[in-house]
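Containing PDB, C-alpha atoms, pLDDT in the B column: protein.pdb.
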```pdb
ATOM      1  CA  MET A  12      33.661  -7.871  23.188  1.00 36.00           C
ATOM      2  CA  ASN A  13      34.357 -10.008  20.146  1.00 39.00           C
ATOM      3  CA  GLY A  14      31.264 -12.113  20.374  1.00 39.00           C
ATOM      4  CA  ALA A  15      28.884  -9.247  21.014  1.00 40.00           C
ATOM      5  CA  ASP A  16      25.505 -10.095  19.543  1.00 45.00           C
ATOM      6  CA  THR A  17      24.280  -7.166  17.495  1.00 44.00           C
ATOM      7  CA  ARG A  18      20.691  -8.212  18.136  1.00 48.00           C
ATOM      8  CA  THR A  19      20.805  -7.661  21.845  1.00 49.00           C
ATOM      9  CA  ASP A  20      23.467  -4.975  22.102  1.00 52.00           C
ATOM     10  CA  PRO A  21      21.705  -1.910  23.478  1.00 53.00           C
ATOM     11  CA  GLU A  22      24.645   0.308  22.537  1.00 56.00           C
ATOM     12  CA  ARG A  23      24.292  -0.501  18.836  1.00 62.00           C
ATOM     13  CA  ASP A  24      23.785   2.578  16.736  1.00 65.00           C
ATOM     14  CA  PRO A  25      20.567   2.179  14.747  1.00 66.00           C
ATOM     15  CA  GLY A  26      21.939   4.594  12.157  1.00 73.00           C
ATOM     16  CA  LEU A  27      19.401   6.367  10.002  1.00 81.00           C
ATOM     17  CA  GLN A  28      17.084   3.383   9.601  1.00 82.00           C
ATOM     18  CA  PRO A  29      14.252   4.715  11.825  1.00 84.00           C
ATOM     19  CA  GLU A  30      14.572   8.092  10.141  1.00 86.00           C
ATOM     20  CA  ARG A  31      14.321   6.559   6.675  1.00 89.00           C
ATOM     21  CA  THR A  32      11.336   4.473   7.706  1.00 89.00           C
ATOM     22  CA  ARG A  33       9.662   7.553   9.182  1.00 89.00           C
ATOM     23  CA  LEU A  34      10.127   9.385   5.890  1.00 91.00           C
ATOM     24  CA  ALA A  35       8.763   6.400   3.970  1.00 92.00           C
ATOM     25  CA  TRP A  36       5.591   6.595   6.084  1.00 92.00           C
ATOM     26  CA  ARG A  37       5.411  10.322   5.390  1.00 93.00           C
ATOM     27  CA  ARG A  38       5.702   9.750   1.621  1.00 93.00           C
ATOM     28  CA  THR A  39       2.994   7.140   1.821  1.00 93.00           C
ATOM     29  CA  THR A  40       0.623   9.535   3.603  1.00 94.00           C
ATOM     30  CA  LEU A  41       1.270  12.034   0.805  1.00 93.00           C
ATOM     31  CA  SER A  42       0.309   9.421  -1.806  1.00 93.00           C
ATOM     32  CA  GLY A  43      -2.791   8.653   0.231  1.00 92.00           C
ATOM     33  CA  THR A  44      -3.675  12.344   0.328  1.00 94.00           C
ATOM     34  CA  VAL A  45      -3.428  12.639  -3.454  1.00 93.00           C
ATOM     35  CA  SER A  46      -5.697   9.596  -3.854  1.00 92.00           C
ATOM     36  CA  ALA A  47      -8.178  11.001  -1.340  1.00 92.00           C
ATOM     37  CA  VAL A  48      -8.296  14.387  -3.104  1.00 92.00           C
ATOM     38  CA  LEU A  49      -8.921  12.671  -6.459  1.00 91.00           C
ATOM     39  CA  ALA A  50     -11.608  10.538  -4.804  1.00 90.00           C
ATOM     40  CA  ALA A  51     -13.325  13.602  -3.383  1.00 89.00           C
ATOM     41  CA  LYS A  52     -13.179  15.307  -6.778  1.00 88.00           C
ATOM     42  CA  THR A  53     -14.742  12.240  -8.425  1.00 87.00           C
ATOM     43  CA  ALA A  54     -17.446  12.025  -5.754  1.00 86.00           C
ATOM     44  CA  LEU A  55     -18.476  15.683  -6.045  1.00 85.00           C
ATOM     45  CA  HIS A  56     -18.056  15.915  -9.819  1.00 81.00           C
ATOM     46  CA  GLY A  57     -21.664  15.557 -10.908  1.00 75.00           C
ATOM     47  CA  GLY A  58     -23.041  17.912  -8.277  1.00 75.00           C
ATOM     48  CA  PRO A  59     -23.604  16.924  -4.633  1.00 77.00           C
ATOM     49  CA  SER A  60     -26.166  14.172  -4.154  1.00 83.00           C
ATOM     50  CA  PRO A  61     -26.788  12.295  -0.884  1.00 86.00           C
ATOM     51  CA  ALA A  62     -25.055   9.154  -2.167  1.00 85.00           C
ATOM     52  CA  SER A  63     -21.971  10.986  -3.413  1.00 86.00           C
ATOM     53  CA  LEU A  64     -21.718  12.972  -0.170  1.00 89.00           C
ATOM     54  CA  VAL A  65     -21.778   9.728   1.824  1.00 90.00           C
ATOM     55  CA  VAL A  66     -19.036   8.205  -0.342  1.00 88.00           C
ATOM     56  CA  CYS A  67     -17.011  11.427  -0.082  1.00 89.00           C
ATOM     57  CA  ALA A  68     -17.316  11.383   3.723  1.00 91.00           C
ATOM     58  CA  LEU A  69     -16.319   7.714   3.718  1.00 92.00           C
ATOM     59  CA  CYS A  70     -13.188   8.483   1.672  1.00 91.00           C
ATOM     60  CA  CYS A  71     -12.285  11.305   4.085  1.00 92.00           C
ATOM     61  CA  ALA A  72     -12.767   8.934   7.042  1.00 94.00           C
ATOM     62  CA  LEU A  73     -10.525   6.330   5.384  1.00 93.00           C
ATOM     63  CA  TRP A  74      -7.897   8.970   4.740  1.00 93.00           C
ATOM     64  CA  LEU A  75      -8.038  10.033   8.402  1.00 94.00           C
ATOM     65  CA  GLY A  76      -7.760   6.400   9.470  1.00 94.00           C
ATOM     66  CA  PHE A  77      -4.672   5.986   7.335  1.00 93.00           C
ATOM     67  CA  LEU A  78      -3.176   9.177   8.780  1.00 94.00           C
ATOM     68  CA  LEU A  79      -3.837   7.867  12.293  1.00 94.00           C
ATOM     69  CA  VAL A  80      -2.003   4.592  11.610  1.00 93.00           C
ATOM     70  CA  ALA A  81       0.915   6.480  10.068  1.00 93.00           C
ATOM     71  CA  HIS A  82       1.004   8.993  12.915  1.00 92.00           C
ATOM     72  CA  ARG A  83       1.158   6.305  15.582  1.00 90.00           C
ATOM     73  CA  ARG A  84       3.886   4.460  13.728  1.00 90.00           C
ATOM     74  CA  ILE A  85       5.904   7.650  13.203  1.00 90.00           C
ATOM     75  CA  ARG A  86       5.622   8.446  16.906  1.00 89.00           C
ATOM     76  CA  THR A  87       6.891   4.988  17.789  1.00 87.00           C
ATOM     77  CA  LEU A  88       9.800   5.365  15.396  1.00 86.00           C
ATOM     78  CA  THR A  89      10.839   8.779  16.692  1.00 85.00           C
ATOM     79  CA  SER A  90      10.617   7.915  20.383  1.00 81.00           C
ATOM     80  CA  ALA A  91      14.175   7.028  21.339  1.00 64.00           C
ATOM     81  CA  GLY A  92      15.118   3.577  22.503  1.00 64.00           C
ATOM     82  CA  SER A  93      12.024   1.642  21.541  1.00 59.00           C
ATOM     83  CA  ALA A  94      13.161  -0.779  18.880  1.00 62.00           C
ATOM     84  CA  SER A  95       9.882  -2.343  17.881  1.00 75.00           C
ATOM     85  CA  ALA A  96       9.014  -3.718  14.478  1.00 77.00           C
ATOM     86  CA  LEU A  97       5.800  -2.906  12.658  1.00 81.00           C
ATOM     87  CA  ALA A  98       2.847  -4.849  14.064  1.00 82.00           C
ATOM     88  CA  PRO A  99       0.893  -6.874  11.467  1.00 83.00           C
ATOM     89  CA  ARG A 100      -2.303  -5.314  12.792  1.00 84.00           C
ATOM     90  CA  HIS A 101      -1.144  -1.846  11.762  1.00 86.00           C
ATOM     91  CA  ALA A 102       0.068  -3.034   8.370  1.00 89.00           C
ATOM     92  CA  THR A 103      -3.303  -4.684   7.797  1.00 89.00           C
ATOM     93  CA  ALA A 104      -5.150  -1.553   8.903  1.00 90.00           C
ATOM     94  CA  ALA A 105      -3.195   0.579   6.430  1.00 91.00           C
ATOM     95  CA  VAL A 106      -3.866  -1.904   3.618  1.00 92.00           C
ATOM     96  CA  LEU A 107      -7.559  -2.164   4.457  1.00 92.00           C
ATOM     97  CA  CYS A 108      -7.907   1.637   4.262  1.00 91.00           C
ATOM     98  CA  THR A 109      -6.320   1.492   0.801  1.00 92.00           C
ATOM     99  CA  VAL A 110      -8.552  -1.345  -0.372  1.00 93.00           C
ATOM    100  CA  ALA A 111     -11.691   0.337   0.976  1.00 93.00           C
ATOM    101  CA  MET A 112     -10.779   3.505  -0.892  1.00 90.00           C
ATOM    102  CA  ALA A 113     -10.462   1.486  -4.111  1.00 92.00           C
ATOM    103  CA  VAL A 114     -13.877  -0.058  -3.470  1.00 92.00           C
ATOM    104  CA  CYS A 115     -15.337   3.441  -2.982  1.00 89.00           C
ATOM    105  CA  GLY A 116     -13.713   4.365  -6.285  1.00 88.00           C
ATOM    106  CA  ALA A 117     -15.308   1.415  -8.054  1.00 89.00           C
ATOM    107  CA  ALA A 118     -18.689   2.429  -6.628  1.00 87.00           C
ATOM    108  CA  LEU A 119     -18.192   6.009  -7.832  1.00 85.00           C
ATOM    109  CA  VAL A 120     -17.016   5.066 -11.329  1.00 82.00           C
ATOM    110  CA  LEU A 121     -19.899   2.717 -12.010  1.00 80.00           C
TER     111      LEU A 121
ATOM    112  CA  MET B 144      -4.240 -20.825  -1.781  1.00 62.00           C
ATOM    113  CA  ILE B 145      -4.197 -22.553   1.615  1.00 69.00           C
ATOM    114  CA  GLY B 146      -0.932 -20.784   2.368  1.00 74.00           C
ATOM    115  CA  PHE B 147      -2.539 -17.464   1.523  1.00 78.00           C
ATOM    116  CA  VAL B 148      -5.425 -18.127   3.934  1.00 78.00           C
ATOM    117  CA  GLN B 149      -2.955 -18.995   6.683  1.00 77.00           C
ATOM    118  CA  ASN B 150      -1.103 -15.747   5.997  1.00 79.00           C
ATOM    119  CA  VAL B 151      -4.363 -13.787   6.237  1.00 81.00           C
ATOM    120  CA  ARG B 152      -4.720 -15.129   9.778  1.00 79.00           C
ATOM    121  CA  LEU B 153      -1.224 -13.828  10.548  1.00 79.00           C
ATOM    122  CA  TRP B 154      -2.069 -10.316   9.346  1.00 79.00           C
ATOM    123  CA  PHE B 155      -4.307  -9.901  12.388  1.00 76.00           C
ATOM    124  CA  ALA B 156      -2.257 -11.879  14.908  1.00 73.00           C
ATOM    125  CA  PRO B 157       1.047 -10.155  15.699  1.00 66.00           C
ATOM    126  CA  GLN B 158       1.859 -12.499  18.565  1.00 68.00           C
ATOM    127  CA  GLU B 159       1.768 -15.521  16.272  1.00 71.00           C
ATOM    128  CA  VAL B 160       4.408 -14.061  13.977  1.00 71.00           C
ATOM    129  CA  ARG B 161       6.545 -13.398  17.019  1.00 70.00           C
ATOM    130  CA  ARG B 162       6.088 -16.887  18.403  1.00 70.00           C
ATOM    131  CA  GLU B 163       8.492 -18.667  16.054  1.00 75.00           C
ATOM    132  CA  GLY B 164      12.185 -18.228  15.335  1.00 78.00           C
ATOM    133  CA  ASN B 165      14.483 -15.428  16.500  1.00 81.00           C
ATOM    134  CA  THR B 166      13.894 -11.729  16.331  1.00 80.00           C
ATOM    135  CA  PRO B 167      15.969 -10.468  13.393  1.00 81.00           C
ATOM    136  CA  ASP B 168      18.117  -7.359  13.496  1.00 80.00           C
ATOM    137  CA  TYR B 169      15.857  -4.329  13.913  1.00 80.00           C
ATOM    138  CA  ARG B 170      17.323  -2.826  10.733  1.00 83.00           C
ATOM    139  CA  PHE B 171      16.140  -5.738   8.597  1.00 87.00           C
ATOM    140  CA  SER B 172      12.607  -5.408   9.941  1.00 87.00           C
ATOM    141  CA  LEU B 173      12.646  -1.704   9.154  1.00 89.00           C
ATOM    142  CA  ALA B 174      13.934  -2.371   5.622  1.00 90.00           C
ATOM    143  CA  ASN B 175      11.094  -4.867   5.168  1.00 91.00           C
ATOM    144  CA  GLU B 176       8.650  -2.233   6.421  1.00 91.00           C
ATOM    145  CA  ARG B 177       9.967   0.313   3.902  1.00 93.00           C
ATOM    146  CA  THR B 178       9.535  -2.165   1.076  1.00 94.00           C
ATOM    147  CA  PHE B 179       5.966  -2.738   2.234  1.00 94.00           C
ATOM    148  CA  LEU B 180       5.366   1.021   2.231  1.00 95.00           C
ATOM    149  CA  ALA B 181       6.841   1.368  -1.257  1.00 95.00           C
ATOM    150  CA  TRP B 182       4.379  -1.257  -2.541  1.00 95.00           C
ATOM    151  CA  LEU B 183       1.568   0.509  -0.709  1.00 95.00           C
ATOM    152  CA  ARG B 184       2.512   3.756  -2.466  1.00 95.00           C
ATOM    153  CA  THR B 185       2.420   1.913  -5.774  1.00 94.00           C
ATOM    154  CA  ALA B 186      -1.058   0.669  -4.909  1.00 95.00           C
ATOM    155  CA  LEU B 187      -2.193   4.180  -3.935  1.00 95.00           C
ATOM    156  CA  ALA B 188      -0.786   5.545  -7.195  1.00 94.00           C
ATOM    157  CA  LEU B 189      -2.735   2.919  -9.173  1.00 92.00           C
ATOM    158  CA  ILE B 190      -5.922   3.828  -7.281  1.00 93.00           C
ATOM    159  CA  GLY B 191      -5.279   7.529  -7.846  1.00 93.00           C
ATOM    160  CA  GLY B 192      -4.733   6.707 -11.534  1.00 90.00           C
ATOM    161  CA  GLY B 193      -8.122   4.989 -11.608  1.00 90.00           C
ATOM    162  CA  PHE B 194      -9.792   8.132 -10.250  1.00 91.00           C
ATOM    163  CA  ALA B 195      -7.780  10.297 -12.660  1.00 89.00           C
ATOM    164  CA  VAL B 196      -8.853   8.252 -15.713  1.00 86.00           C
ATOM    165  CA  ASP B 197     -12.473   8.695 -14.685  1.00 86.00           C
ATOM    166  CA  GLN B 198     -12.076  12.429 -14.108  1.00 85.00           C
ATOM    167  CA  PHE B 199      -9.660  13.660 -16.740  1.00 83.00           C
ATOM    168  CA  LEU B 200     -10.596  11.604 -19.818  1.00 79.00           C
ATOM    169  CA  PRO B 201     -14.209  12.683 -20.320  1.00 78.00           C
ATOM    170  CA  ASP B 202     -13.997  12.312 -24.116  1.00 79.00           C
ATOM    171  CA  LEU B 203     -13.267   8.602 -23.889  1.00 76.00           C
ATOM    172  CA  ARG B 204     -16.176   6.290 -24.616  1.00 81.00           C
ATOM    173  CA  TRP B 205     -18.032   5.195 -21.441  1.00 84.00           C
ATOM    174  CA  GLY B 206     -17.030   1.544 -21.728  1.00 84.00           C
ATOM    175  CA  TRP B 207     -13.336   2.265 -22.188  1.00 82.00           C
ATOM    176  CA  ARG B 208     -13.251   4.863 -19.444  1.00 84.00           C
ATOM    177  CA  VAL B 209     -15.014   2.719 -16.846  1.00 88.00           C
ATOM    178  CA  GLY B 210     -13.114  -0.402 -17.895  1.00 87.00           C
ATOM    179  CA  LEU B 211      -9.731   1.293 -17.619  1.00 85.00           C
ATOM    180  CA  ALA B 212     -10.629   2.941 -14.293  1.00 88.00           C
ATOM    181  CA  LEU B 213     -11.887  -0.326 -12.825  1.00 91.00           C
ATOM    182  CA  ALA B 214      -8.795  -2.174 -14.068  1.00 89.00           C
ATOM    183  CA  LEU B 215      -6.519   0.351 -12.378  1.00 90.00           C
ATOM    184  CA  LEU B 216      -8.542   0.225  -9.147  1.00 92.00           C
ATOM    185  CA  ALA B 217      -8.455  -3.581  -9.176  1.00 92.00           C
ATOM    186  CA  ALA B 218      -4.699  -3.510  -9.762  1.00 91.00           C
ATOM    187  CA  GLY B 219      -4.388  -1.190  -6.754  1.00 93.00           C
ATOM    188  CA  VAL B 220      -6.377  -3.584  -4.573  1.00 94.00           C
ATOM    189  CA  LEU B 221      -4.279  -6.561  -5.689  1.00 93.00           C
ATOM    190  CA  CYS B 222      -1.071  -4.624  -5.152  1.00 93.00           C
ATOM    191  CA  SER B 223      -1.959  -3.568  -1.607  1.00 94.00           C
ATOM    192  CA  LEU B 224      -3.144  -7.022  -0.541  1.00 93.00           C
ATOM    193  CA  ARG B 225      -0.029  -8.549  -1.996  1.00 93.00           C
ATOM    194  CA  ALA B 226       2.074  -5.911  -0.173  1.00 93.00           C
ATOM    195  CA  VAL B 227       0.905  -6.973   3.277  1.00 91.00           C
ATOM    196  CA  ASN B 228       1.050 -10.659   2.365  1.00 91.00           C
ATOM    197  CA  HIS B 229       4.627 -10.384   1.117  1.00 92.00           C
ATOM    198  CA  TRP B 230       5.594  -8.365   4.192  1.00 91.00           C
ATOM    199  CA  VAL B 231       4.291 -11.111   6.507  1.00 90.00           C
ATOM    200  CA  ARG B 232       6.059 -13.800   4.491  1.00 90.00           C
ATOM    201  CA  CYS B 233       9.365 -11.907   4.564  1.00 91.00           C
ATOM    202  CA  GLU B 234       9.030 -11.230   8.289  1.00 88.00           C
ATOM    203  CA  ARG B 235       8.419 -14.914   8.977  1.00 88.00           C
ATOM    204  CA  ALA B 236      11.242 -16.047   6.700  1.00 89.00           C
ATOM    205  CA  MET B 237      13.654 -13.724   8.518  1.00 89.00           C
ATOM    206  CA  ARG B 238      12.569 -15.058  11.903  1.00 87.00           C
ATOM    207  CA  ARG B 239      13.025 -18.643  10.764  1.00 87.00           C
ATOM    208  CA  GLY B 240      16.320 -17.887   9.045  1.00 87.00           C
ATOM    209  CA  GLU B 241      15.005 -19.134   5.705  1.00 86.00           C
ATOM    210  CA  ASP B 242      15.532 -17.645   2.253  1.00 87.00           C
ATOM    211  CA  LEU B 243      13.303 -14.704   1.499  1.00 87.00           C
ATOM    212  CA  PRO B 244      10.229 -15.682  -0.552  1.00 87.00           C
ATOM    213  CA  VAL B 245      10.484 -15.232  -4.302  1.00 87.00           C
ATOM    214  CA  SER B 246       7.653 -13.586  -6.164  1.00 88.00           C
ATOM    215  CA  ARG B 247       6.288 -13.385  -9.688  1.00 90.00           C
ATOM    216  CA  PHE B 248       4.280 -10.296  -8.845  1.00 90.00           C
ATOM    217  CA  PRO B 249       6.769  -7.536  -9.819  1.00 91.00           C
ATOM    218  CA  ALA B 250       7.210  -9.037 -13.304  1.00 93.00           C
ATOM    219  CA  LEU B 251       3.437  -9.414 -13.666  1.00 91.00           C
ATOM    220  CA  LEU B 252       2.779  -5.819 -12.636  1.00 90.00           C
ATOM    221  CA  SER B 253       5.486  -4.520 -14.992  1.00 91.00           C
ATOM    222  CA  LEU B 254       3.921  -6.421 -17.894  1.00 92.00           C
ATOM    223  CA  VAL B 255       0.461  -5.065 -17.096  1.00 88.00           C
ATOM    224  CA  VAL B 256       1.773  -1.492 -16.866  1.00 86.00           C
ATOM    225  CA  ALA B 257       3.688  -1.933 -20.150  1.00 90.00           C
ATOM    226  CA  VAL B 258       0.579  -3.267 -21.913  1.00 87.00           C
ATOM    227  CA  VAL B 259      -1.531  -0.372 -20.592  1.00 83.00           C
ATOM    228  CA  ALA B 260       1.119   2.123 -21.729  1.00 84.00           C
ATOM    229  CA  VAL B 261       1.218   0.640 -25.251  1.00 87.00           C
ATOM    230  CA  ALA B 262      -2.581   0.685 -25.371  1.00 80.00           C
ATOM    231  CA  MET B 263      -2.577   4.364 -24.427  1.00 78.00           C
ATOM    232  CA  VAL B 264      -0.036   5.150 -27.177  1.00 84.00           C
ATOM    233  CA  VAL B 265      -2.253   3.361 -29.720  1.00 83.00           C
ATOM    234  CA  VAL B 266      -5.358   5.209 -28.500  1.00 77.00           C
ATOM    235  CA  VAL B 267      -3.602   8.581 -28.750  1.00 79.00           C
ATOM    236  CA  LEU B 268      -2.200   7.819 -32.234  1.00 86.00           C
ATOM    237  CA  VAL B 269      -5.551   6.610 -33.580  1.00 83.00           C
ATOM    238  CA  ARG B 270      -7.372   9.704 -32.337  1.00 77.00           C
ATOM    239  CA  TRP B 271      -4.631  11.959 -33.704  1.00 77.00           C
ATOM    240  CA  GLU B 272      -4.936  10.341 -37.134  1.00 75.00           C
ATOM    241  CA  GLY B 273      -8.736  10.498 -37.198  1.00 66.00           C
TER     242      GLY B 273
END
```

File written out as structure tokens:
Amino acid sequence: MNGADTRTDPERDPGLQPERTRLAWRRTTLSGTVSAVLAAKTALHGGPSPASLVVCALCCALWLGFLLVAHRRIRTLTSAGSASALAPRHATAAVLCTVAMAVCGAALVL
Amino acid sequence: MIGFVQNVRLWFAPQEVRREGNTPDYRFSLANERTFLAWLRTALALIGGGFAVDQFLPDLRWGWRVGLALALLAAGVLCSLRAVNHWVRCERAMRRGEDLPVSRFPALLSLVVAVVAVAMVVVVLVRWEG
């Protein structure tokens, strides 16, 4: 057993790494929620107008999109035995939600 | 710049990242993912700060308020794009067994935050005096 490769050993204990990563996703969704709430407050500040309602709905949709990405990743991490790394597509989706929210913010501020 | 464009292609093509090198220990990939998420939280905090400046500093002159808010939002965008780019670079370096990429970005962001903090102190002091 001396030369056992840790990469392919199915008996290897993953430790708390998936748990920690799951919590990191959870923290990130909380940050996203705070940003989304602030965005909604900014959008509805000067009274509801059609444009601000659209931007507010867009921010809510982006927030839901981010939650969906996080939820799928968390489910993958908690399901036992599936040792898969984060797919670039999901990372990009999460980042694009963030960037789009910033763009909405710029539109609201101006 | 060309390297950045090539990385952008990788963001959307998971199979191409997986094509080269060996799969690293699962734990390293997860650590890389957590770092990515930490940067994403930083970006979200900057964006939230941009909204907060716009909402909670109504006495500030329009130019300052909008300028500061836009600067924070832009910093958030930069930070999030850089997060995914750095994550892809680290993932690829681990697969190839190379050194992890070095980055000037953390130092740059710290300097920007420090400058903004000093500017806020000056603004508060000036208004307190006047």

So which one's closest to Asp168 in chain B, A:Cys115, A:Ala96, A:Ala105, A:Val80? Using only C-alpha atoms, please.
A:Ala96

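Here the question is which of A:Leu73, A:Ala68, A:Ala35, A:Leu55 gets nearest to chain B using only C-alpha atoms, and that residue is A:Ala35.
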
Compute the set of chain A residues within 8 Å of chain B, using only C-alpha atoms, and express it as a ChimeraX atom specification.
/A:17-18,25,28-29,32,35-36,38-39,42-43,45-47,49-50,52-53,94-100,102-103,106,109-110,113-114,116-117,120-121

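Here CA of Glu30 in chain A is placed at a distance of 21.9 Å from CA of Met237 in chain B.
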
Close residues, Leu79 in chain A itself excluded, 12 Å, all atoms listed in the file, min 5 positions apart in chain, as an NGL selection string
:A and (36-37 or 40 or 72-74 or 84-86 or 101 or 104-105 or 108)

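Considering the residues A:Leu88, A:Leu119, A:Gly26, A:Ala111 and counting all atoms listed in the file, Ala54 in chain A has its shortest atom-to-atom contact with A:Leu119.
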
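The smallest atom-to-atom distance between Arg33 in chain A and any of A:Arg83, A:Met112, A:Leu75, A:Ala118, using only C-alpha atoms, is found for A:Arg83.
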
One decimal, Å: what's the distance from CA of Val255 in chain B over to CA of Gln149 in chain B, could you say?
27.8 Å

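Interatomic distance, CA of Gly76 in chain A against CA of Arg152 in chain B: 21.7 Å.
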
Missing atoms of range 233-249 of chain B rebuilt to N, CA and C atoms, written as a PDB file, keeping the file's coordinate frame:
```
ATOM      1  N   CYS B 233       7.959 -12.269   4.364  1.00 91.00           N
ATOM      2  CA  CYS B 233       9.365 -11.907   4.564  1.00 91.00           C
ATOM      3  C   CYS B 233       9.701 -11.891   6.050  1.00 91.00           C
ATOM      4  N   GLU B 234       8.790 -11.320   6.850  1.00 88.00           N
ATOM      5  CA  GLU B 234       9.030 -11.230   8.289  1.00 88.00           C
ATOM      6  C   GLU B 234       9.213 -12.637   8.881  1.00 88.00           C
ATOM      7  N   ARG B 235       8.344 -13.558   8.438  1.00 88.00           N
ATOM      8  CA  ARG B 235       8.419 -14.914   8.977  1.00 88.00           C
ATOM      9  C   ARG B 235       9.683 -15.627   8.510  1.00 88.00           C
ATOM     10  N   ALA B 236      10.041 -15.400   7.225  1.00 89.00           N
ATOM     11  CA  ALA B 236      11.242 -16.047   6.700  1.00 89.00           C
ATOM     12  C   ALA B 236      12.475 -15.559   7.460  1.00 89.00           C
ATOM     13  N   MET B 237      12.504 -14.257   7.787  1.00 89.00           N
ATOM     14  CA  MET B 237      13.654 -13.724   8.518  1.00 89.00           C
ATOM     15  C   MET B 237      13.735 -14.310   9.915  1.00 89.00           C
ATOM     16  N   ARG B 238      12.568 -14.491  10.547  1.00 87.00           N
ATOM     17  CA  ARG B 238      12.569 -15.058  11.903  1.00 87.00           C
ATOM     18  C   ARG B 238      13.040 -16.503  11.886  1.00 87.00           C
ATOM     19  N   ARG B 239      12.645 -17.229  10.841  1.00 87.00           N
ATOM     20  CA  ARG B 239      13.025 -18.643  10.764  1.00 87.00           C
ATOM     21  C   ARG B 239      14.412 -18.843  10.189  1.00 87.00           C
ATOM     22  N   GLY B 240      15.012 -17.760   9.657  1.00 87.00           N
ATOM     23  CA  GLY B 240      16.320 -17.887   9.045  1.00 87.00           C
ATOM     24  C   GLY B 240      16.283 -18.562   7.694  1.00 87.00           C
ATOM     25  N   GLU B 241      15.100 -18.533   7.040  1.00 86.00           N
ATOM     26  CA  GLU B 241      15.005 -19.134   5.705  1.00 86.00           C
ATOM     27  C   GLU B 241      15.335 -18.107   4.637  1.00 86.00           C
ATOM     28  N   ASP B 242      15.381 -18.575   3.371  1.00 87.00           N
ATOM     29  CA  ASP B 242      15.532 -17.645   2.253  1.00 87.00           C
ATOM     30  C   ASP B 242      14.285 -16.781   2.172  1.00 87.00           C
ATOM     31  N   LEU B 243      14.473 -15.558   1.678  1.00 87.00           N
ATOM     32  CA  LEU B 243      13.303 -14.704   1.499  1.00 87.00           C
ATOM     33  C   LEU B 243      12.430 -15.277   0.382  1.00 87.00           C
ATOM     34  N   PRO B 244      11.106 -15.119   0.480  1.00 87.00           N
ATOM     35  CA  PRO B 244      10.229 -15.682  -0.552  1.00 87.00           C
ATOM     36  C   PRO B 244      10.456 -15.003  -1.905  1.00 87.00           C
ATOM     37  N   VAL B 245      10.395 -15.801  -2.960  1.00 87.00           N
ATOM     38  CA  VAL B 245      10.484 -15.232  -4.302  1.00 87.00           C
ATOM     39  C   VAL B 245       9.069 -14.907  -4.765  1.00 87.00           C
ATOM     40  N   SER B 246       8.986 -14.025  -5.751  1.00 88.00           N
ATOM     41  CA  SER B 246       7.653 -13.586  -6.164  1.00 88.00           C
ATOM     42  C   SER B 246       7.622 -13.278  -7.644  1.00 88.00           C
ATOM     43  N   ARG B 247       6.513 -13.669  -8.275  1.00 90.00           N
ATOM     44  CA  ARG B 247       6.288 -13.385  -9.688  1.00 90.00           C
ATOM     45  C   ARG B 247       5.615 -12.030  -9.865  1.00 90.00           C
ATOM     46  N   PHE B 248       5.149 -11.466  -8.759  1.00 90.00           N
ATOM     47  CA  PHE B 248       4.280 -10.296  -8.845  1.00 90.00           C
ATOM     48  C   PHE B 248       4.930  -9.073  -9.506  1.00 90.00           C
ATOM     49  N   PRO B 249       6.185  -8.727  -9.173  1.00 91.00           N
ATOM     50  CA  PRO B 249       6.769  -7.536  -9.819  1.00 91.00           C
ATOM     51  C   PRO B 249       6.795  -7.660 -11.330  1.00 91.00           C
TER      52      PRO B 249
END
```
